[in-house]
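Peer 1: Got a structure for you, protein-v3.txt, holding compact mmCIF, C-alpha atoms and all ligand atoms.
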```txt
# COMPACT_ATOMS: atom_id res chain seq x y z
CA MET A 7 2.16 4.95 -22.61
CA LYS A 8 0.39 1.74 -21.72
CA THR A 9 3.66 0.12 -20.68
CA GLY A 10 4.56 3.18 -18.57
CA GLY A 11 1.20 2.98 -16.75
CA LEU A 12 1.69 -0.70 -16.13
CA PHE A 13 5.18 -0.05 -14.82
CA CYS A 14 3.88 2.63 -12.43
CA ARG A 15 1.13 0.41 -11.14
CA ASN A 16 3.45 -2.56 -10.65
CA SER A 17 6.06 -0.53 -8.80
CA ARG A 18 3.34 1.02 -6.65
CA GLU A 19 1.95 -2.39 -5.84
CA LYS A 20 5.43 -3.70 -5.07
CA LYS A 21 6.08 -0.79 -2.70
CA LYS A 22 2.72 -1.39 -1.00
CA GLU A 23 3.53 -5.07 -0.58
CA GLU A 24 6.94 -4.21 0.86
CA LYS A 25 5.33 -1.81 3.32
CA GLU A 26 2.89 -4.46 4.45
CA MET A 27 5.65 -6.97 5.17
CA GLU A 28 6.83 -7.08 8.77
CA ARG A 29 9.81 -8.50 10.62
CA LEU A 30 9.08 -11.76 12.42
CA ASP A 31 10.28 -10.42 15.80
CA LYS A 32 8.21 -7.24 15.45
CA PHE A 33 5.19 -9.31 14.44
CA LEU A 34 5.46 -11.57 17.52
CA THR A 35 5.96 -8.61 19.86
CA SER A 36 2.96 -6.76 18.41
CA GLN A 37 0.85 -9.88 18.93
CA ASN A 38 1.93 -9.99 22.60
CA ILE A 39 3.59 -13.40 22.13
CA CYS A 40 7.15 -12.63 23.18
CA THR A 41 9.80 -9.94 23.23
CA ARG A 42 12.35 -9.42 20.44
CA LYS A 43 15.02 -11.07 22.58
CA GLU A 44 12.80 -14.07 23.29
CA THR A 45 12.01 -14.36 19.56
CA ALA A 46 15.74 -14.60 18.82
CA GLN A 47 16.08 -17.39 21.40
CA LEU A 48 13.03 -19.28 20.10
CA VAL A 49 14.26 -18.98 16.50
CA LYS A 50 17.69 -20.24 17.55
CA LYS A 51 16.04 -23.28 19.15
CA GLY A 52 14.04 -23.89 15.95
CA LEU A 53 10.70 -23.33 17.70
CA VAL A 54 9.21 -20.82 15.23
CA THR A 55 7.80 -21.61 11.78
CA VAL A 56 6.56 -19.32 9.03
CA ASP A 57 4.30 -20.96 6.45
CA GLY A 58 5.44 -24.38 7.58
CA VAL A 59 9.16 -23.61 7.29
CA CYS A 60 11.40 -23.36 10.34
CA ALA A 61 12.45 -19.70 10.76
CA LYS A 62 16.18 -19.07 10.64
CA ASP A 63 16.26 -15.33 11.21
CA PRO A 64 14.22 -13.24 13.68
CA GLY A 65 14.42 -10.38 11.15
CA GLN A 66 12.88 -12.34 8.29
CA LYS A 67 9.94 -10.63 6.63
CA LEU A 68 6.39 -11.97 6.58
CA ASP A 69 2.94 -10.81 5.59
CA PRO A 70 1.02 -10.41 8.88
CA GLU A 71 -2.34 -10.91 7.13
CA GLN A 72 -1.35 -13.97 5.12
CA SER A 73 1.53 -15.84 6.74
CA ARG A 74 0.88 -18.76 9.08
CA VAL A 75 3.17 -18.41 12.05
CA THR A 76 3.61 -20.98 14.82
CA VAL A 77 5.54 -20.72 18.07
CA GLU A 78 6.32 -23.94 19.92
CA GLY A 79 3.76 -25.68 17.69
CA LYS A 80 0.92 -23.23 18.42
CA GLU A 81 -0.52 -21.13 15.61
CA ILE A 82 -0.70 -17.39 16.23
CA ALA A 83 -4.16 -15.90 15.66
CA TYR A 84 -3.30 -12.56 14.09
CA ARG A 85 -4.96 -9.39 15.49
CA ARG A 86 -4.94 -6.59 12.95
CA ARG A 87 -5.55 -3.78 15.39
CA LEU A 88 -3.18 -2.98 18.21
CA TYR A 89 -4.30 -1.85 21.66
CA LEU A 90 -1.67 -0.66 24.13
CA MET A 91 -2.00 0.37 27.73
CA MET A 92 0.47 2.99 28.92
CA ASN A 93 1.06 4.34 32.38
CA LYS A 94 1.52 7.92 31.22
CA PRO A 95 4.16 9.85 33.13
CA ARG A 96 3.75 13.55 33.91
CA GLY A 97 5.43 15.98 31.53
CA VAL A 98 4.56 14.01 28.38
CA LEU A 99 1.93 15.13 25.84
CA SER A 100 -0.94 12.83 24.93
CA ALA A 101 -0.61 13.69 21.25
CA SER A 102 0.68 11.79 18.24
CA GLN A 103 3.46 14.24 17.47
CA ASP A 104 4.89 17.52 18.58
CA LYS A 105 7.87 19.41 17.19
CA GLN A 106 9.35 20.32 20.55
CA ARG A 107 7.84 18.26 23.29
CA LYS A 108 7.85 14.53 24.00
CA THR A 109 4.63 12.67 23.24
CA VAL A 110 3.32 9.33 24.47
CA LEU A 111 4.14 7.86 21.04
CA ASP A 112 7.79 8.88 21.50
CA LEU A 113 7.87 6.58 24.55
CA LEU A 114 6.88 3.44 22.61
CA PRO A 115 9.59 0.84 22.16
CA PRO A 116 10.36 0.40 18.42
CA GLU A 117 8.87 -3.10 18.30
CA LEU A 118 5.46 -1.74 19.36
CA PHE A 119 5.48 1.27 17.09
CA ARG A 120 3.23 1.09 13.99
CA ARG A 121 1.93 3.66 11.60
CA GLY A 122 -1.58 4.83 12.51
CA LEU A 123 -1.22 4.59 16.30
CA PHE A 124 -2.65 7.46 18.32
CA PRO A 125 -3.58 8.14 21.96
CA ALA A 126 -7.33 7.59 22.39
CA GLY A 127 -8.41 10.66 24.34
CA ARG A 128 -6.42 13.41 25.97
CA LEU A 129 -4.82 13.63 29.38
CA ASP A 130 -3.23 16.89 30.47
CA LYS A 131 0.54 17.09 30.37
CA ASP A 132 0.72 16.85 34.16
CA THR A 133 -1.86 14.02 34.46
CA THR A 134 -0.53 10.49 34.91
CA GLY A 135 -2.00 7.01 34.55
CA LEU A 136 -4.02 4.92 32.16
CA MET A 137 -3.71 5.89 28.50
CA LEU A 138 -4.99 3.76 25.66
CA ILE A 139 -2.95 3.90 22.47
CA THR A 140 -4.42 2.21 19.43
CA ASP A 141 -4.84 2.25 15.66
CA ASP A 142 -8.57 1.49 15.98
CA GLY A 143 -10.37 4.76 15.29
CA GLU A 144 -13.81 3.22 15.57
CA LEU A 145 -13.16 1.84 19.05
CA ALA A 146 -11.63 5.14 20.20
CA HIS A 147 -14.68 7.02 18.99
CA ARG A 148 -17.02 4.64 20.77
CA MET A 149 -15.00 4.78 23.98
CA LEU A 150 -14.81 8.58 24.03
CA SER A 151 -18.38 9.40 23.06
CA PRO A 152 -20.31 10.60 26.14
CA LYS A 153 -23.27 8.71 24.68
CA SER A 154 -21.43 5.42 25.27
CA HIS A 155 -21.40 6.07 29.03
CA VAL A 156 -17.87 4.70 29.37
CA TYR A 157 -16.83 6.32 32.64
CA LYS A 158 -13.20 7.24 33.24
CA ARG A 159 -12.06 7.04 36.86
CA TYR A 160 -9.46 9.40 38.28
CA GLU A 161 -7.69 9.81 41.60
CA ALA A 162 -7.11 13.43 42.56
CA ARG A 163 -5.10 15.07 45.28
CA LEU A 164 -6.80 18.30 46.28
CA SER A 165 -6.16 21.51 48.16
CA LYS A 166 -9.32 21.02 50.27
CA ARG A 167 -11.42 18.15 51.59
CA VAL A 168 -14.48 17.15 49.58
CA SER A 169 -17.82 17.97 51.24
CA GLN A 170 -21.28 16.41 50.92
CA GLU A 171 -22.29 19.54 48.97
CA ASP A 172 -19.47 18.90 46.47
CA ILE A 173 -20.64 15.31 46.00
CA ALA A 174 -24.22 16.47 45.40
CA ALA A 175 -23.07 19.20 42.97
CA PHE A 176 -20.99 16.72 40.93
CA GLU A 177 -23.94 14.35 40.83
CA LYS A 178 -26.25 17.09 39.62
CA GLY A 179 -23.80 18.35 36.96
CA ILE A 180 -21.41 21.27 37.37
CA SER A 181 -21.37 24.40 35.23
CA GLN A 182 -18.24 26.48 34.96
CA GLY A 183 -17.27 29.36 32.67
CA GLY A 184 -20.49 29.03 30.68
CA GLU A 185 -19.94 25.32 30.11
CA ALA A 186 -22.06 22.52 31.55
CA PHE A 187 -20.51 19.20 32.51
CA ALA A 188 -22.52 15.99 32.61
CA PRO A 189 -23.27 14.46 36.02
CA ALA A 190 -20.19 12.88 37.57
CA ARG A 191 -19.46 10.68 40.56
CA LEU A 192 -17.33 11.85 43.40
CA TRP A 193 -16.06 10.14 46.56
CA ALA A 194 -13.89 11.74 49.21
CA GLU A 195 -10.72 9.68 49.58
CA ASP A 196 -8.02 11.41 51.52
CA THR A 197 -4.43 10.34 51.03
CA PRO A 198 -1.54 10.24 53.53
CA ASN A 199 -0.37 13.43 51.75
CA GLY A 200 -3.59 15.36 52.20
CA PRO A 201 -7.16 15.68 50.93
CA GLY A 202 -8.12 13.59 47.93
CA ALA A 203 -10.97 12.15 45.91
CA ILE A 204 -12.02 9.59 43.34
CA VAL A 205 -13.94 11.07 40.39
CA GLU A 206 -15.70 9.38 37.50
CA ILE A 207 -16.64 11.30 34.35
CA ARG A 208 -17.95 10.16 30.99
CA GLU A 209 -16.88 13.20 28.97
CA GLY A 210 -13.38 14.37 28.13
CA LYS A 211 -13.67 18.15 28.01
CA PHE A 212 -10.58 20.33 28.27
CA HIS A 213 -9.23 20.33 31.87
CA GLN A 214 -12.61 18.97 32.88
CA ILE A 215 -11.88 17.66 36.37
CA LYS A 216 -9.67 20.63 37.24
CA ARG A 217 -12.45 22.98 36.15
CA MET A 218 -15.13 21.06 38.03
CA PHE A 219 -13.16 21.36 41.27
CA GLU A 220 -12.40 24.99 40.53
CA ALA A 221 -16.15 25.60 40.34
CA ARG A 222 -16.33 24.18 43.87
CA ASP A 223 -13.54 26.48 45.04
CA ASN A 224 -11.09 23.59 45.27
CA ARG A 225 -7.85 22.89 43.36
CA VAL A 226 -6.47 19.69 41.82
CA LEU A 227 -2.85 19.20 42.85
CA THR A 228 -2.26 15.86 41.12
CA LEU A 229 -4.44 13.76 38.86
CA LYS A 230 -4.08 10.13 37.84
CA ARG A 231 -6.42 8.08 35.63
CA LEU A 232 -7.07 4.67 37.15
CA LYS A 233 -9.74 3.16 34.94
CA ILE A 234 -11.51 3.40 31.58
CA GLY A 235 -14.87 1.59 31.77
CA GLY A 236 -14.04 -1.77 33.35
CA LEU A 237 -10.36 -1.66 32.35
CA SER A 238 -7.99 -0.84 35.21
CA LEU A 239 -4.46 0.48 35.01
CA ASP A 240 -2.05 -2.44 35.44
CA ASP A 241 -0.26 -1.48 38.63
CA THR A 242 2.83 -3.45 37.62
CA LEU A 243 3.45 -0.91 34.84
CA GLY A 244 5.93 1.75 35.89
CA GLU A 245 5.44 5.31 34.65
CA GLY A 246 6.20 5.45 30.93
CA GLU A 247 5.84 1.68 30.54
CA VAL A 248 3.49 0.14 28.04
CA ARG A 249 2.12 -3.27 27.19
CA VAL A 250 -0.20 -4.89 24.67
CA LEU A 251 -3.79 -5.50 25.81
CA SER A 252 -5.43 -8.87 25.28
CA GLU A 253 -8.75 -9.11 23.46
CA ALA A 254 -10.49 -9.77 26.78
CA GLU A 255 -8.97 -6.60 28.26
CA VAL A 256 -10.14 -4.52 25.30
CA LYS A 257 -13.68 -5.82 25.89
CA GLN A 258 -13.44 -4.73 29.55
CA ILE A 259 -13.45 -1.09 28.36
CA PHE A 260 -17.14 -1.52 27.58
CA ASP A 261 -17.92 -3.70 30.62
CA GLY A 262 -19.72 -2.33 33.60
CA LYS A 263 -20.18 1.02 31.90
CA LEU A 264 -23.41 1.73 33.75
CA TYR A 265 -22.08 2.39 37.20
N1 LIG B 1 -9.60 16.24 33.62
C1 LIG B 1 -8.56 17.11 33.73
O1 LIG B 1 -8.70 18.20 34.26
N2 LIG B 1 -7.38 16.73 33.23
C2 LIG B 1 -7.14 15.53 32.65
O2 LIG B 1 -6.03 15.24 32.23
C3 LIG B 1 -8.24 14.63 32.56
C4 LIG B 1 -9.45 15.02 33.06
```
Before anything else, please render the file you have as structure tokens.
Peer 2:
Amino acid sequence: MKTGGLFCRNSREKKKEEKEMERLDKFLTSQNICTRKETAQLVKKGLVTVDGVCAKDPGQKLDPEQSRVTVEGKEIAYRRRLYLMMNKPRGVLSASQDKQRKTVLDLLPPELFRRGLFPAGRLDKDTTGLMLITDDGELAHRMLSPKSHVYKRYEARLSKRVSQEDIAAFEKGISQGGEAFAPARLWAEDTPNGPGAIVEIREGKFHQIKRMFEARDNRVLTLKRLKIGGLSLDDTLGEGEVRVLSEAEVKQIFDGKLY
């Protein structure tokens, strides 16, 4: 009995250890150091070490928490949590999984995929732009809480021009369908394709911006998120593209939150 218990525990521990091991190329990609292809080249040139030993195989396994990895002589400071910025395309769900429809997680390249990742906050299926994907639940909660006053900025194309009355109503706080929305900022910004606006909200209620314009007898034709707090969408990212955020960029989310 005792031996059986020991066996179970040991095999469980072994499995856990195996799960926690990661391929060298995946590790370097997740740490925003280089791509898988670049890792292969660096390894070939003998420029990568793991625990003081020159790496021979980009697929070799290491313990991300424990192993000391250097690239071209520089030690990699491991970041446990992953923060990704995606330029969400229209037609994709901001959910972790869906049986039928494509989600933002389905768009991640395999080297950036990890267990525990989720989109922090919802964008409608037809909304495009800045989406944060992370495995840091605490940060997501802080970023999404209206109490944190992290404003999210959107660019909307509209069916009608924004008036001074609309701006004042947004500033005061709109109510629609028995629901009250917190004060929001609104600027008229027409586009070459018609009327438009920039809107900043600090909540993330269902279809919030669409409903706020509806309450003003206006209609959102397209919606794109440009900014979360002080973090702007990287305009070099094409729709559906994703990249790792640096620590400084993650901090920008909470910068300048009091507009
Ligand atoms: N408001 C909306 O109406 N839709 C979004 O996707 C985000 C904010």
Peer 1: Please report as a Markdown table every residue of chain A lying within 7 Å of ligand LIG 1 (chain B), along with the nearest atom pair and their distance in Å (one decimal), using only C-alpha atoms and all ligand atoms.
Peer 2:
```
| residue | atom | partner | partner_atom | distance |
| --- | --- | --- | --- | --- |
| A:Arg128 | CA | B:LIG1 | O2 | 6.5 |
| A:Leu129 | CA | B:LIG1 | O2 | 3.5 |
| A:Asp130 | CA | B:LIG1 | O2 | 3.7 |
| A:Thr133 | CA | B:LIG1 | O2 | 4.9 |
| A:Gly210 | CA | B:LIG1 | C4 | 6.3 |
| A:Phe212 | CA | B:LIG1 | O1 | 6.6 |
| A:His213 | CA | B:LIG1 | O1 | 3.2 |
| A:Gln214 | CA | B:LIG1 | N1 | 4.1 |
| A:Ile215 | CA | B:LIG1 | N1 | 3.8 |
| A:Lys216 | CA | B:LIG1 | O1 | 4.0 |
| A:Arg217 | CA | B:LIG1 | O1 | 6.4 |
| A:Leu229 | CA | B:LIG1 | O2 | 7.0 |
```
Peer 1: Give me, as a list in words, all polymer residues having an atom no more than 12 Å from A:Lys178, counting all atoms listed in the file and skipping those fewer than 3 positions away in the same chain.
Peer 2: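 Listing them by chain and then by number gives Glu171, Asp172, Ile173, Ala174, Ala175, Ser181, Ala186, Phe187, Ala188, Pro189, Ala190, Arg191, Leu192 and Met218 of chain A.
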Peer 1: Keeping C-alpha atoms, export the residues of the selection given above as a CSV table (one decimal), in the coordinates of the input.
Peer 2:
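Saved file selection-v6.csv follows:
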```
chain,number,residue,atom,x,y,z
A,171,GLU,CA,-22.3,19.5,49.0
A,172,ASP,CA,-19.5,18.9,46.5
A,173,ILE,CA,-20.6,15.3,46.0
A,174,ALA,CA,-24.2,16.5,45.4
A,175,ALA,CA,-23.1,19.2,43.0
A,181,SER,CA,-21.4,24.4,35.2
A,186,ALA,CA,-22.1,22.5,31.6
A,187,PHE,CA,-20.5,19.2,32.5
A,188,ALA,CA,-22.5,16.0,32.6
A,189,PRO,CA,-23.3,14.5,36.0
A,190,ALA,CA,-20.2,12.9,37.6
A,191,ARG,CA,-19.5,10.7,40.6
A,192,LEU,CA,-17.3,11.8,43.4
A,218,MET,CA,-15.1,21.1,38.0
```
Peer 1: Could you please determine the separation between atom CA of A:Ala101 and atom CA of A:Leu237 in Å, to one decimal place?
Peer 2: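 Distance reported for this atom pair: 21.3 Å.
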Peer 1: Which residues are near stretch 65-76 of chain A? Cut-off 10 Å, only C-alpha atoms, ignore same chain within fewer than 3 positions. Put them as a PyMOL selection string.
Peer 2: chain A and resi 23-34+42+45-46+53-62+79-86
Peer 1: Report, in Å with one decimal, the straight-line distance from atom CA of A:Gly135 to atom CA of A:Leu123.
Peer 2: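 Rounded to one decimal, the two atoms are 18.4 Å apart.
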Peer 1: What does the structure give for the distance between atom CA of A:Glu161 and atom CA of A:Lys230, in Å to one decimal?
Peer 2: 5.2 Å
Peer 1: Find, counting all atoms listed in the file, the residue in A:Asn93, A:Ser151, A:Ser238, A:Ser102 that gets nearest to A:Thr134.
Peer 2: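 For A:Thr134, the nearest of the candidates is A:Asn93.
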Peer 1: Of the residues A:Pro64, A:Val156, A:Gly202, A:Gln106, which is the one nearest to A:Gly52, using only C-alpha atoms?
Peer 2: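 Smallest separation from A:Gly52 among the options: A:Pro64.
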Peer 1: Counting all atoms listed in the file, select every polymer residue within 9 Å of (-10.5, 8.5, 35.4) as defined in the file's coordinates, and provide the selection as a PDB file with C-alpha atoms, in the coordinates of the input.
Peer 2:
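Listing of result-v1.pdb after writing:
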```pdb
ATOM      1  CA  GLY A 135      -2.000   7.010  34.550  1.00  0.00           C
ATOM      2  CA  LEU A 136      -4.020   4.920  32.160  1.00  0.00           C
ATOM      3  CA  TYR A 157     -16.830   6.320  32.640  1.00  0.00           C
ATOM      4  CA  LYS A 158     -13.200   7.240  33.240  1.00  0.00           C
ATOM      5  CA  ARG A 159     -12.060   7.040  36.860  1.00  0.00           C
ATOM      6  CA  TYR A 160      -9.460   9.400  38.280  1.00  0.00           C
ATOM      7  CA  GLU A 161      -7.690   9.810  41.600  1.00  0.00           C
ATOM      8  CA  ILE A 204     -12.020   9.590  43.340  1.00  0.00           C
ATOM      9  CA  VAL A 205     -13.940  11.070  40.390  1.00  0.00           C
ATOM     10  CA  GLU A 206     -15.700   9.380  37.500  1.00  0.00           C
ATOM     11  CA  ILE A 207     -16.640  11.300  34.350  1.00  0.00           C
ATOM     12  CA  ARG A 208     -17.950  10.160  30.990  1.00  0.00           C
ATOM     13  CA  LEU A 229      -4.440  13.760  38.860  1.00  0.00           C
ATOM     14  CA  LYS A 230      -4.080  10.130  37.840  1.00  0.00           C
ATOM     15  CA  ARG A 231      -6.420   8.080  35.630  1.00  0.00           C
ATOM     16  CA  LEU A 232      -7.070   4.670  37.150  1.00  0.00           C
ATOM     17  CA  LYS A 233      -9.740   3.160  34.940  1.00  0.00           C
ATOM     18  CA  ILE A 234     -11.510   3.400  31.580  1.00  0.00           C
ATOM     19  CA  GLY A 235     -14.870   1.590  31.770  1.00  0.00           C
TER      20      GLY A 235
END
```
Peer 1: Just the residues within 12 Å of A:Arg87, please, counting all atoms listed in the file, with nothing from its chain fewer than 5 positions along; format it as a PDB file with C-alpha atoms, in the frame of the given file.
Peer 2:
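What ended up in selection18.pdb:
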```pdb
ATOM      1  CA  SER A  36       2.960  -6.760  18.410  1.00  0.00           C
ATOM      2  CA  GLN A  37       0.850  -9.880  18.930  1.00  0.00           C
ATOM      3  CA  PRO A  70       1.020 -10.410   8.880  1.00  0.00           C
ATOM      4  CA  GLU A  71      -2.340 -10.910   7.130  1.00  0.00           C
ATOM      5  CA  LEU A 118       5.460  -1.740  19.360  1.00  0.00           C
ATOM      6  CA  ARG A 120       3.230   1.090  13.990  1.00  0.00           C
ATOM      7  CA  ARG A 121       1.930   3.660  11.600  1.00  0.00           C
ATOM      8  CA  GLY A 122      -1.580   4.830  12.510  1.00  0.00           C
ATOM      9  CA  LEU A 123      -1.220   4.590  16.300  1.00  0.00           C
ATOM     10  CA  PHE A 124      -2.650   7.460  18.320  1.00  0.00           C
ATOM     11  CA  ILE A 139      -2.950   3.900  22.470  1.00  0.00           C
ATOM     12  CA  THR A 140      -4.420   2.210  19.430  1.00  0.00           C
ATOM     13  CA  ASP A 141      -4.840   2.250  15.660  1.00  0.00           C
ATOM     14  CA  ASP A 142      -8.570   1.490  15.980  1.00  0.00           C
ATOM     15  CA  GLY A 143     -10.370   4.760  15.290  1.00  0.00           C
ATOM     16  CA  GLU A 144     -13.810   3.220  15.570  1.00  0.00           C
ATOM     17  CA  LEU A 145     -13.160   1.840  19.050  1.00  0.00           C
ATOM     18  CA  ALA A 146     -11.630   5.140  20.200  1.00  0.00           C
ATOM     19  CA  VAL A 250      -0.200  -4.890  24.670  1.00  0.00           C
ATOM     20  CA  LEU A 251      -3.790  -5.500  25.810  1.00  0.00           C
ATOM     21  CA  SER A 252      -5.430  -8.870  25.280  1.00  0.00           C
ATOM     22  CA  GLU A 253      -8.750  -9.110  23.460  1.00  0.00           C
ATOM     23  CA  VAL A 256     -10.140  -4.520  25.300  1.00  0.00           C
TER      24      VAL A 256
END
```
Peer 1: Between A:Pro152, A:Pro116, A:Gly127, A:Gly179, which one has atoms that come closest to A:Ala221, using only C-alpha atoms?
Peer 2: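 Selected residue with least distance to A:Ala221: A:Gly179.
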Peer 1: How would stretch 131-142 of chain A of the given structure read as a file with N, CA and C atoms, as an mmCIF file, in the first residue's frame?
Peer 2:
```
data_model
loop_
_atom_site.group_PDB
_atom_site.id
_atom_site.type_symbol
_atom_site.label_atom_id
_atom_site.label_comp_id
_atom_site.auth_asym_id
_atom_site.auth_seq_id
_atom_site.Cartn_x
_atom_site.Cartn_y
_atom_site.Cartn_z
ATOM 1 N N LYS A 131 -17.561 40.419 -31.970
ATOM 2 C CA LYS A 131 -17.007 39.659 -33.092
ATOM 3 C C LYS A 131 -16.591 40.581 -34.245
ATOM 4 N N ASP A 132 -17.395 41.639 -34.462
ATOM 5 C CA ASP A 132 -17.079 42.520 -35.594
ATOM 6 C C ASP A 132 -16.178 43.698 -35.198
ATOM 7 N N THR A 133 -15.721 43.760 -33.955
ATOM 8 C CA THR A 133 -14.811 44.840 -33.539
ATOM 9 C C THR A 133 -13.379 44.398 -33.812
ATOM 10 N N THR A 134 -12.561 45.349 -34.252
ATOM 11 C CA THR A 134 -11.153 45.038 -34.544
ATOM 12 C C THR A 134 -10.256 45.778 -33.544
ATOM 13 N N GLY A 135 -8.961 45.508 -33.627
ATOM 14 C CA GLY A 135 -7.988 46.301 -32.878
ATOM 15 C C GLY A 135 -7.390 45.637 -31.656
ATOM 16 N N LEU A 136 -6.945 46.500 -30.745
ATOM 17 C CA LEU A 136 -6.101 46.070 -29.629
ATOM 18 C C LEU A 136 -6.775 45.089 -28.668
ATOM 19 N N MET A 137 -6.164 43.926 -28.573
ATOM 20 C CA MET A 137 -6.655 42.879 -27.658
ATOM 21 C C MET A 137 -5.460 42.394 -26.855
ATOM 22 N N LEU A 138 -5.618 42.385 -25.540
ATOM 23 C CA LEU A 138 -4.547 41.854 -24.696
ATOM 24 C C LEU A 138 -4.856 40.399 -24.386
ATOM 25 N N ILE A 139 -3.869 39.546 -24.603
ATOM 26 C CA ILE A 139 -4.022 38.124 -24.281
ATOM 27 C C ILE A 139 -2.940 37.798 -23.259
ATOM 28 N N THR A 140 -3.329 37.203 -22.164
ATOM 29 C CA THR A 140 -2.360 36.981 -21.088
ATOM 30 C C THR A 140 -2.725 35.750 -20.270
ATOM 31 N N ASP A 141 -1.822 35.365 -19.380
ATOM 32 C CA ASP A 141 -2.141 34.323 -18.397
ATOM 33 C C ASP A 141 -2.082 34.926 -16.991
ATOM 34 N N ASP A 142 -2.172 36.264 -16.929
ATOM 35 C CA ASP A 142 -2.104 36.967 -15.648
ATOM 36 C C ASP A 142 -3.519 37.450 -15.258
#
```
